[in-house]
Amino acid sequence: MKLISIQEAFRRRFERQANIPGLEYHASGHCVHIGKLSPGCYSCFAPNTLRGNFPLGSRCNRSCDYCYQTDGEDPPATQSRDGRLRKKAALLQGALRPDRHYDAVIISFTGGGEPLLHLDLLQDYMQFYRGIEPQMNVRPWYYLYTNGILADREMLMRLKEMGFDEIRFHLGASEFAGSVYRNMEEAVSILDTVTVETPAWPPHRDKLFEMLPILDELGVKHLNLGQVEITEGNRKRIAEVMPDAEIFQCYTIHLDDHGLAYDIMEDVLQKGYDFSVLDCNAFVKSIQRSPGKHLFHEGVKDLCSDVSVSGEAFCRGGIPLSAGGGDACRP
Ligand code: SF4
């Protein structure tokens, strides 16, 4: 693998962006996309403290080359009961503050593993949040990530009963398996929002392009293209698969995809597919994880579907806010 300068990596990306008319720019340029994003993406770009992402455990039924975990690593213990309760309490406290300005409450589940292998824990969290919704003034947006292998009809019905709004399929994990496409088709008929979140991994190039018309036909709403992060856990595996890989440092180390994400976006624009596309790259991680956005940030009220900051999708029988934000929806 070859480490390239940040100037070279950024120059390539910015030049590629500049050559594609039709891209949209938000969050002071950190968010480059096509179409309205999932409501679950809102808090990555806004200084929203009402967001809880709960890792459920690192056990997984796949072994992706780019998985950032170390081979043979023992799954760490799932979060302690005390830790979970503290996190729940902090979110509840924030959501109940009478003086708070409107922010979407977003609850998601991931874990560096497969969340659907931890159904009891998932159920436990969901019961807690569904139970306190009457006190929250706004209904949270609930979503989870999965590699999709276990997301059959029965599982999807359980997720629907638990209250999930969105499911995000990591299609690359199964090498774009037909069975996972079938699960996605079921998901579109059961849940409000189906998203594909999979990395712009160069060895998947052909399968990524084959995927695009299928997503459009199935009615998938969003496509998030991640940028592979290089870690101690995956560096050897990636070097074996891509010995000529070029990597760069932008806080953490990332794989340069040689324009793959923008080749895909260009194709989506040309073919006029209906789903949104987000280049979920190092810049997104940078603004998502940075405290800087709490000091200054560009408003992102038009960025997401359903939950513009007016937040109608989150009001349960409440009076929607005027566009431009303000207080929480009042029941
Ligand atoms: S599905 Fe996710 S957690 Fe599982 S091996 Fe692949 S990248 Fe890792």
# chains A, B, ... in the order shown; residues from 1 in each chain; ligands from 1

call {"tool": "select_by_dssp", "arguments": {"residues": "stretch 25-90 of chain A", "states": "alpha helix (DSSP H)", "output": "ChimeraX atom specification"}}
result
/A:42-45,81-90

call {"tool": "write_last_selection", "arguments": {"atoms": "N, CA and C atoms", "output": "CSV table (one decimal), in the first residue's frame"}}
result
chain,number,residue,atom,x,y,z
A,42,TYR,N,-29.2,13.0,9.5
A,42,TYR,CA,-29.3,14.4,9.9
A,42,TYR,C,-28.2,14.8,10.9
A,43,SER,N,-28.1,14.0,12.0
A,43,SER,CA,-27.2,14.4,13.1
A,43,SER,C,-25.8,14.3,12.8
A,44,CYS,N,-25.4,13.6,11.6
A,44,CYS,CA,-24.0,13.6,11.2
A,44,CYS,C,-23.5,15.0,10.8
A,45,PHE,N,-24.5,15.8,10.4
A,45,PHE,CA,-24.1,17.1,9.8
A,45,PHE,C,-24.6,18.3,10.7
A,81,ARG,N,-24.9,-3.1,31.7
A,81,ARG,CA,-26.2,-2.6,32.0
A,81,ARG,C,-26.2,-1.2,32.5
A,82,ASP,N,-25.2,-0.9,33.4
A,82,ASP,CA,-25.1,0.5,33.9
A,82,ASP,C,-24.8,1.5,32.8
A,83,GLY,N,-23.9,1.1,31.9
A,83,GLY,CA,-23.5,2.0,30.8
A,83,GLY,C,-24.7,2.3,29.9
A,84,ARG,N,-25.5,1.2,29.6
A,84,ARG,CA,-26.7,1.4,28.8
A,84,ARG,C,-27.7,2.3,29.4
A,85,LEU,N,-27.9,2.1,30.7
A,85,LEU,CA,-28.9,2.9,31.4
A,85,LEU,C,-28.5,4.4,31.4
A,86,ARG,N,-27.1,4.6,31.6
A,86,ARG,CA,-26.7,6.0,31.7
A,86,ARG,C,-26.9,6.7,30.3
A,87,LYS,N,-26.6,6.0,29.2
A,87,LYS,CA,-26.8,6.5,27.9
A,87,LYS,C,-28.3,6.8,27.6
A,88,LYS,N,-29.1,5.9,28.0
A,88,LYS,CA,-30.6,6.1,27.9
A,88,LYS,C,-31.0,7.3,28.6
A,89,ALA,N,-30.6,7.4,29.9
A,89,ALA,CA,-31.0,8.5,30.7
A,89,ALA,C,-30.6,9.9,30.2
A,90,ALA,N,-29.3,9.9,29.6
A,90,ALA,CA,-28.8,11.2,29.1
A,90,ALA,C,-29.7,11.6,27.9

call {"tool": "residues_near_ligand", "arguments": {"ligand": "ligand 1", "cutoff": "7 Å", "atoms": "only C-alpha atoms and all ligand atoms", "output": "PyMOL selection string"}}
result
chain A and resi 58+60-64+66-69+112-114+147+170+173

call {"tool": "write_last_selection", "arguments": {"atoms": "all heavy atoms", "output": "CSV table (one decimal), in the first residue's frame"}}
result
chain,number,residue,atom,x,y,z
A,58,SER,N,-19.8,-7.2,18.8
A,58,SER,CA,-19.0,-7.4,17.6
A,58,SER,C,-19.1,-8.7,16.9
A,58,SER,O,-18.4,-9.0,15.9
A,58,SER,CB,-17.5,-7.1,17.9
A,58,SER,OG,-17.1,-8.0,18.9
A,60,CYS,N,-20.2,-11.5,14.4
A,60,CYS,CA,-20.7,-11.3,13.0
A,60,CYS,C,-20.7,-12.6,12.3
A,60,CYS,O,-20.0,-13.5,12.6
A,60,CYS,CB,-19.9,-10.3,12.3
A,60,CYS,SG,-20.7,-9.8,10.7
A,61,ASN,N,-21.6,-12.7,11.4
A,61,ASN,CA,-21.7,-14.0,10.6
A,61,ASN,C,-21.1,-13.8,9.2
A,61,ASN,O,-21.3,-14.6,8.3
A,61,ASN,CB,-23.2,-14.4,10.4
A,61,ASN,CG,-24.1,-13.2,10.0
A,61,ASN,OD1,-23.6,-12.1,9.8
A,61,ASN,ND2,-25.4,-13.5,9.8
A,62,ARG,N,-20.3,-12.7,9.0
A,62,ARG,CA,-19.5,-12.5,7.8
A,62,ARG,C,-18.0,-12.2,8.2
A,62,ARG,O,-17.7,-12.0,9.4
A,62,ARG,CB,-20.0,-11.4,7.0
A,62,ARG,CG,-21.4,-11.6,6.4
A,62,ARG,CD,-21.4,-12.8,5.4
A,62,ARG,NE,-20.6,-12.6,4.2
A,62,ARG,CZ,-20.1,-13.6,3.4
A,62,ARG,NH1,-20.5,-14.8,3.6
A,62,ARG,NH2,-19.4,-13.3,2.4
A,63,SER,N,-17.2,-12.2,7.2
A,63,SER,CA,-15.8,-11.8,7.5
A,63,SER,C,-15.3,-11.0,6.3
A,63,SER,O,-14.5,-11.5,5.4
A,63,SER,CB,-14.9,-13.0,7.7
A,63,SER,OG,-15.0,-13.9,6.6
A,64,CYS,N,-15.7,-9.7,6.2
A,64,CYS,CA,-15.3,-8.9,5.1
A,64,CYS,C,-13.9,-8.5,5.1
A,64,CYS,O,-13.3,-8.3,6.2
A,64,CYS,CB,-16.1,-7.6,5.1
A,64,CYS,SG,-17.9,-7.8,5.2
A,66,TYR,N,-12.5,-5.8,4.4
A,66,TYR,CA,-12.3,-4.5,4.9
A,66,TYR,C,-12.8,-4.3,6.3
A,66,TYR,O,-12.8,-3.1,6.8
A,66,TYR,CB,-12.9,-3.4,3.9
A,66,TYR,CG,-14.3,-3.8,3.5
A,66,TYR,CD1,-15.4,-3.5,4.3
A,66,TYR,CD2,-14.5,-4.3,2.2
A,66,TYR,CE1,-16.7,-3.8,3.9
A,66,TYR,CE2,-15.8,-4.6,1.8
A,66,TYR,CZ,-16.9,-4.4,2.7
A,66,TYR,OH,-18.2,-4.7,2.3
A,67,CYS,N,-13.3,-5.3,6.9
A,67,CYS,CA,-13.9,-5.1,8.3
A,67,CYS,C,-12.7,-4.6,9.2
A,67,CYS,O,-11.6,-5.1,9.1
A,67,CYS,CB,-14.3,-6.5,8.8
A,67,CYS,SG,-15.1,-6.3,10.4
A,68,TYR,N,-13.1,-3.6,9.9
A,68,TYR,CA,-12.0,-2.9,10.7
A,68,TYR,C,-11.6,-3.7,11.9
A,68,TYR,O,-10.7,-3.3,12.7
A,68,TYR,CB,-12.4,-1.5,11.1
A,68,TYR,CG,-13.6,-1.4,11.9
A,68,TYR,CD1,-13.6,-1.6,13.3
A,68,TYR,CD2,-14.8,-1.0,11.3
A,68,TYR,CE1,-14.7,-1.4,14.0
A,68,TYR,CE2,-16.0,-0.9,12.1
A,68,TYR,CZ,-15.9,-1.1,13.4
A,68,TYR,OH,-17.1,-0.9,14.2
A,69,GLN,N,-12.2,-4.8,12.2
A,69,GLN,CA,-11.9,-5.6,13.4
A,69,GLN,C,-10.7,-6.6,13.1
A,69,GLN,O,-10.5,-7.0,11.9
A,69,GLN,CB,-13.1,-6.4,13.9
A,69,GLN,CG,-14.2,-5.5,14.3
A,69,GLN,CD,-15.2,-6.2,15.1
A,69,GLN,OE1,-14.9,-6.5,16.3
A,69,GLN,NE2,-16.3,-6.5,14.5
A,112,GLY,N,-20.1,-2.7,14.9
A,112,GLY,CA,-18.9,-3.4,14.4
A,112,GLY,C,-19.1,-4.9,14.4
A,112,GLY,O,-18.2,-5.7,14.5
A,113,GLY,N,-20.4,-5.3,14.3
A,113,GLY,CA,-20.8,-6.6,14.3
A,113,GLY,C,-22.2,-6.7,13.6
A,113,GLY,O,-22.6,-5.7,13.1
A,114,GLU,N,-22.9,-7.8,13.8
A,114,GLU,CA,-24.2,-7.9,13.1
A,114,GLU,C,-25.3,-7.7,14.2
A,114,GLU,O,-25.5,-8.6,15.1
A,114,GLU,CB,-24.3,-9.2,12.5
A,114,GLU,CG,-25.7,-9.6,11.9
A,114,GLU,CD,-26.3,-8.5,11.1
A,114,GLU,OE1,-25.6,-7.9,10.2
A,114,GLU,OE2,-27.5,-8.1,11.3
A,147,ASN,N,-26.1,-6.7,7.8
A,147,ASN,CA,-25.6,-7.2,6.5
A,147,ASN,C,-26.7,-7.9,5.7
A,147,ASN,O,-26.5,-8.3,4.6
A,147,ASN,CB,-24.4,-8.1,6.7
A,147,ASN,CG,-24.7,-9.3,7.6
A,147,ASN,OD1,-25.8,-9.8,7.6
A,147,ASN,ND2,-23.7,-9.7,8.4
A,170,HIS,N,-26.0,-3.5,4.4
A,170,HIS,CA,-24.6,-3.5,3.9
A,170,HIS,C,-24.5,-4.6,2.9
A,170,HIS,O,-24.1,-5.8,3.3
A,170,HIS,CB,-23.7,-3.7,5.2
A,170,HIS,CG,-22.3,-3.9,4.8
A,170,HIS,ND1,-21.4,-4.4,5.8
A,170,HIS,CD2,-21.6,-3.8,3.7
A,170,HIS,CE1,-20.2,-4.6,5.2
A,170,HIS,NE2,-20.3,-4.2,3.9
A,173,ALA,N,-21.2,-6.9,2.2
A,173,ALA,CA,-20.8,-8.0,3.1
A,173,ALA,C,-21.2,-9.4,2.6
A,173,ALA,O,-20.5,-10.3,2.9
A,173,ALA,CB,-21.5,-7.7,4.5

call {"tool": "closest_residue", "arguments": {"among": "A:Asp267, A:Glu240, A:Asp279, A:Glu186", "to": "A:Leu223", "atoms": "only C-alpha atoms"}}
result
A:Asp279

call {"tool": "residues_around", "arguments": {"residues": "A:Ile167", "least_positions_apart": "4", "cutoff": "9 Å", "atoms": "only C-alpha atoms", "output": "CSV table (one decimal) with C-alpha atoms, in the first residue's frame"}}
result
chain,number,residue,atom,x,y,z
A,142,TYR,CA,-35.3,4.4,14.7
A,143,TYR,CA,-33.0,2.6,12.4
A,144,LEU,CA,-30.5,-0.2,12.3
A,145,TYR,CA,-27.6,-1.5,10.2
A,146,THR,CA,-27.4,-5.1,9.0
A,159,LEU,CA,-38.4,-5.2,13.5
A,187,ALA,CA,-38.1,-4.9,3.6
A,191,LEU,CA,-40.7,-0.8,6.7
A,192,ASP,CA,-40.9,2.9,5.9
A,193,THR,CA,-37.4,3.4,4.6
A,194,VAL,CA,-34.9,1.0,3.1
A,195,THR,CA,-31.3,2.2,2.6
A,196,VAL,CA,-28.2,0.6,1.3

call {"tool": "closest_atom_pairs", "arguments": {"of": "stretch 212-254 of chain A", "to": "stretch 22-41 of chain A", "cutoff": "12 Å", "atoms": "only C-alpha atoms", "output": "Markdown table"}}
result
| residue | atom | partner | partner_atom | distance |
| --- | --- | --- | --- | --- |
| A:Val220 | CA | A:Ser38 | CA | 11.1 |
| A:Lys221 | CA | A:Ser38 | CA | 7.9 |
| A:His222 | CA | A:Leu37 | CA | 6.6 |
| A:Leu223 | CA | A:Leu37 | CA | 8.7 |
| A:Asn224 | CA | A:Leu37 | CA | 8.8 |
| A:Leu225 | CA | A:His33 | CA | 10.1 |

call {"tool": "residues_around", "arguments": {"residues": "A:Glu217", "least_positions_apart": "3", "cutoff": "10 Å", "atoms": "only C-alpha atoms", "output": "ChimeraX atom specification"}}
result
/A:185,212-214,220,273-274

call {"tool": "select_by_dssp", "arguments": {"residues": "stretch 104-174 of chain A", "states": "strand (DSSP E)", "output": "ChimeraX atom specification"}}
result
/A:106-110,141-146,166-169

call {"tool": "write_last_selection", "arguments": {"atoms": "N, CA, C and O atoms", "output": "PDB file, in the first residue's frame"}}
result
ATOM      1  N   ILE A 106     -32.705  10.689  17.219  1.00  0.00           N
ATOM      2  CA  ILE A 106     -32.331   9.600  16.311  1.00  0.00           C
ATOM      3  C   ILE A 106     -31.698   8.475  17.123  1.00  0.00           C
ATOM      4  O   ILE A 106     -30.733   8.698  17.857  1.00  0.00           O
ATOM      5  N   ILE A 107     -32.256   7.302  16.996  1.00  0.00           N
ATOM      6  CA  ILE A 107     -31.760   6.141  17.730  1.00  0.00           C
ATOM      7  C   ILE A 107     -31.351   5.085  16.702  1.00  0.00           C
ATOM      8  O   ILE A 107     -32.172   4.667  15.883  1.00  0.00           O
ATOM      9  N   SER A 108     -30.081   4.678  16.757  1.00  0.00           N
ATOM     10  CA  SER A 108     -29.645   3.668  15.781  1.00  0.00           C
ATOM     11  C   SER A 108     -28.838   2.577  16.465  1.00  0.00           C
ATOM     12  O   SER A 108     -28.363   2.734  17.592  1.00  0.00           O
ATOM     13  N   PHE A 109     -28.699   1.467  15.743  1.00  0.00           N
ATOM     14  CA  PHE A 109     -28.010   0.302  16.301  1.00  0.00           C
ATOM     15  C   PHE A 109     -27.005  -0.241  15.293  1.00  0.00           C
ATOM     16  O   PHE A 109     -27.338  -0.508  14.143  1.00  0.00           O
ATOM     17  N   THR A 110     -25.778  -0.367  15.769  1.00  0.00           N
ATOM     18  CA  THR A 110     -24.735  -0.935  14.936  1.00  0.00           C
ATOM     19  C   THR A 110     -23.816  -1.702  15.881  1.00  0.00           C
ATOM     20  O   THR A 110     -24.274  -2.181  16.890  1.00  0.00           O
ATOM     21  N   TRP A 141     -36.548   8.752  15.367  1.00  0.00           N
ATOM     22  CA  TRP A 141     -36.374   7.987  14.132  1.00  0.00           C
ATOM     23  C   TRP A 141     -35.488   6.806  14.488  1.00  0.00           C
ATOM     24  O   TRP A 141     -34.350   6.973  14.923  1.00  0.00           O
ATOM     25  N   TYR A 142     -36.016   5.600  14.328  1.00  0.00           N
ATOM     26  CA  TYR A 142     -35.292   4.393  14.736  1.00  0.00           C
ATOM     27  C   TYR A 142     -34.757   3.667  13.498  1.00  0.00           C
ATOM     28  O   TYR A 142     -35.532   3.352  12.597  1.00  0.00           O
ATOM     29  N   TYR A 143     -33.472   3.391  13.501  1.00  0.00           N
ATOM     30  CA  TYR A 143     -32.959   2.589  12.384  1.00  0.00           C
ATOM     31  C   TYR A 143     -31.828   1.678  12.831  1.00  0.00           C
ATOM     32  O   TYR A 143     -31.219   1.886  13.886  1.00  0.00           O
ATOM     33  N   LEU A 144     -31.572   0.656  12.025  1.00  0.00           N
ATOM     34  CA  LEU A 144     -30.463  -0.244  12.345  1.00  0.00           C
ATOM     35  C   LEU A 144     -29.714  -0.643  11.077  1.00  0.00           C
ATOM     36  O   LEU A 144     -30.251  -0.559   9.969  1.00  0.00           O
ATOM     37  N   TYR A 145     -28.475  -1.016  11.296  1.00  0.00           N
ATOM     38  CA  TYR A 145     -27.621  -1.508  10.215  1.00  0.00           C
ATOM     39  C   TYR A 145     -27.627  -3.032  10.242  1.00  0.00           C
ATOM     40  O   TYR A 145     -27.721  -3.638  11.303  1.00  0.00           O
ATOM     41  N   THR A 146     -27.511  -3.639   9.088  1.00  0.00           N
ATOM     42  CA  THR A 146     -27.402  -5.101   9.037  1.00  0.00           C
ATOM     43  C   THR A 146     -26.709  -5.504   7.736  1.00  0.00           C
ATOM     44  O   THR A 146     -26.772  -4.769   6.746  1.00  0.00           O
ATOM     45  N   GLU A 166     -36.430   2.488   9.740  1.00  0.00           N
ATOM     46  CA  GLU A 166     -35.470   2.332   8.632  1.00  0.00           C
ATOM     47  C   GLU A 166     -34.545   1.167   8.899  1.00  0.00           C
ATOM     48  O   GLU A 166     -34.164   0.905  10.037  1.00  0.00           O
ATOM     49  N   ILE A 167     -34.181   0.491   7.823  1.00  0.00           N
ATOM     50  CA  ILE A 167     -33.162  -0.562   7.890  1.00  0.00           C
ATOM     51  C   ILE A 167     -32.117  -0.259   6.825  1.00  0.00           C
ATOM     52  O   ILE A 167     -32.457   0.171   5.725  1.00  0.00           O
ATOM     53  N   ARG A 168     -30.846  -0.420   7.192  1.00  0.00           N
ATOM     54  CA  ARG A 168     -29.756  -0.138   6.242  1.00  0.00           C
ATOM     55  C   ARG A 168     -29.007  -1.427   5.934  1.00  0.00           C
ATOM     56  O   ARG A 168     -28.437  -2.043   6.833  1.00  0.00           O
ATOM     57  N   PHE A 169     -29.013  -1.808   4.691  1.00  0.00           N
ATOM     58  CA  PHE A 169     -28.363  -3.047   4.263  1.00  0.00           C
ATOM     59  C   PHE A 169     -26.934  -2.776   3.800  1.00  0.00           C
ATOM     60  O   PHE A 169     -26.721  -1.944   2.917  1.00  0.00           O
TER      61      PHE A 169
END

call {"tool": "residues_around", "arguments": {"residues": "A:Gln288", "least_positions_apart": "2", "cutoff": "9 Å", "atoms": "only C-alpha atoms", "output": "MDAnalysis selection string"}}
result
chainID A and resid 43:47 283:286 290:291 293

call {"tool": "write_last_selection", "arguments": {"atoms": "C-alpha atoms", "output": "mmCIF file, in the first residue's frame"}}
result
data_model
loop_
_atom_site.group_PDB
_atom_site.id
_atom_site.type_symbol
_atom_site.label_atom_id
_atom_site.label_comp_id
_atom_site.auth_asym_id
_atom_site.auth_seq_id
_atom_site.Cartn_x
_atom_site.Cartn_y
_atom_site.Cartn_z
ATOM 1 C CA SER A 43 -27.250 14.410 13.086
ATOM 2 C CA CYS A 44 -24.008 13.605 11.235
ATOM 3 C CA PHE A 45 -24.125 17.130 9.834
ATOM 4 C CA ALA A 46 -25.956 19.100 12.531
ATOM 5 C CA PRO A 47 -24.949 19.805 16.123
ATOM 6 C CA PHE A 283 -15.015 14.486 5.252
ATOM 7 C CA VAL A 284 -18.297 13.151 6.565
ATOM 8 C CA LYS A 285 -16.522 11.283 9.356
ATOM 9 C CA SER A 286 -14.631 14.477 10.076
ATOM 10 C CA SER A 290 -15.825 16.832 15.337
ATOM 11 C CA PRO A 291 -16.910 19.090 18.215
ATOM 12 C CA LYS A 293 -19.870 21.842 14.400
#

call {"tool": "residues_around", "arguments": {"residues": "A:Lys236", "least_positions_apart": "5", "cutoff": "12 Å", "atoms": "only C-alpha atoms", "output": "number ranges by chain"}}
result
A: 1, 65-71, 230-231, 241-243, 245

call {"tool": "write_last_selection", "arguments": {"atoms": "N, CA and C atoms", "output": "PDB file, in the first residue's frame"}}
result
ATOM      1  N   MET A   1       0.857  -1.196   0.000  1.00  0.00           N
ATOM      2  CA  MET A   1       0.000   0.000   0.000  1.00  0.00           C
ATOM      3  C   MET A   1       0.888   1.241   0.000  1.00  0.00           C
ATOM      4  N   ASP A  65     -13.245  -8.470   3.949  1.00  0.00           N
ATOM      5  CA  ASP A  65     -11.816  -8.119   3.892  1.00  0.00           C
ATOM      6  C   ASP A  65     -11.550  -6.771   4.535  1.00  0.00           C
ATOM      7  N   TYR A  66     -12.491  -5.840   4.364  1.00  0.00           N
ATOM      8  CA  TYR A  66     -12.253  -4.477   4.865  1.00  0.00           C
ATOM      9  C   TYR A  66     -12.804  -4.260   6.266  1.00  0.00           C
ATOM     10  N   CYS A  67     -13.323  -5.307   6.901  1.00  0.00           N
ATOM     11  CA  CYS A  67     -13.853  -5.144   8.259  1.00  0.00           C
ATOM     12  C   CYS A  67     -12.747  -4.605   9.155  1.00  0.00           C
ATOM     13  N   TYR A  68     -13.053  -3.591   9.935  1.00  0.00           N
ATOM     14  CA  TYR A  68     -11.984  -2.944  10.704  1.00  0.00           C
ATOM     15  C   TYR A  68     -11.591  -3.721  11.949  1.00  0.00           C
ATOM     16  N   GLN A  69     -12.231  -4.835  12.197  1.00  0.00           N
ATOM     17  CA  GLN A  69     -11.863  -5.613  13.376  1.00  0.00           C
ATOM     18  C   GLN A  69     -10.720  -6.565  13.058  1.00  0.00           C
ATOM     19  N   THR A  70      -9.991  -6.941  14.111  1.00  0.00           N
ATOM     20  CA  THR A  70      -8.862  -7.830  13.946  1.00  0.00           C
ATOM     21  C   THR A  70      -9.343  -9.269  13.844  1.00  0.00           C
ATOM     22  N   ASP A  71      -8.701 -10.044  12.949  1.00  0.00           N
ATOM     23  CA  ASP A  71      -9.055 -11.466  12.837  1.00  0.00           C
ATOM     24  C   ASP A  71      -8.909 -12.141  14.187  1.00  0.00           C
ATOM     25  N   ILE A 230      -8.740   2.325   7.041  1.00  0.00           N
ATOM     26  CA  ILE A 230      -7.684   1.332   7.249  1.00  0.00           C
ATOM     27  C   ILE A 230      -7.368   1.309   8.748  1.00  0.00           C
ATOM     28  N   THR A 231      -7.390   0.124   9.319  1.00  0.00           N
ATOM     29  CA  THR A 231      -7.111  -0.009  10.746  1.00  0.00           C
ATOM     30  C   THR A 231      -6.059  -1.096  10.953  1.00  0.00           C
ATOM     31  N   VAL A 241      -5.430  -8.012  -0.793  1.00  0.00           N
ATOM     32  CA  VAL A 241      -6.429  -7.912  -1.868  1.00  0.00           C
ATOM     33  C   VAL A 241      -6.074  -6.796  -2.837  1.00  0.00           C
ATOM     34  N   MET A 242      -5.545  -5.686  -2.299  1.00  0.00           N
ATOM     35  CA  MET A 242      -5.221  -4.521  -3.135  1.00  0.00           C
ATOM     36  C   MET A 242      -3.780  -4.085  -2.849  1.00  0.00           C
ATOM     37  N   PRO A 243      -2.791  -4.841  -3.359  1.00  0.00           N
ATOM     38  CA  PRO A 243      -1.394  -4.501  -3.028  1.00  0.00           C
ATOM     39  C   PRO A 243      -1.007  -3.096  -3.484  1.00  0.00           C
ATOM     40  N   ALA A 245      -2.974  -0.468  -3.380  1.00  0.00           N
ATOM     41  CA  ALA A 245      -3.924   0.504  -2.816  1.00  0.00           C
ATOM     42  C   ALA A 245      -3.210   1.782  -2.397  1.00  0.00           C
TER      43      ALA A 245
END

call {"tool": "closest_residue", "arguments": {"among": "A:Asn234, A:Thr198, A:Gln135, A:Ser189", "to": "A:Leu218", "atoms": "only C-alpha atoms"}}
result
A:Ser189

call {"tool": "residues_around", "arguments": {"residues": "A:Met126", "least_positions_apart": "6", "cutoff": "9 Å", "atoms": "only C-alpha atoms", "output": "PyMOL selection string"}}
result
chain A and resi 142+162-164

call {"tool": "atom_distance", "arguments": {"atom1": "atom CA of A:Gln127", "atom2": "atom CA of A:Cys304"}}
result
26.4 Å
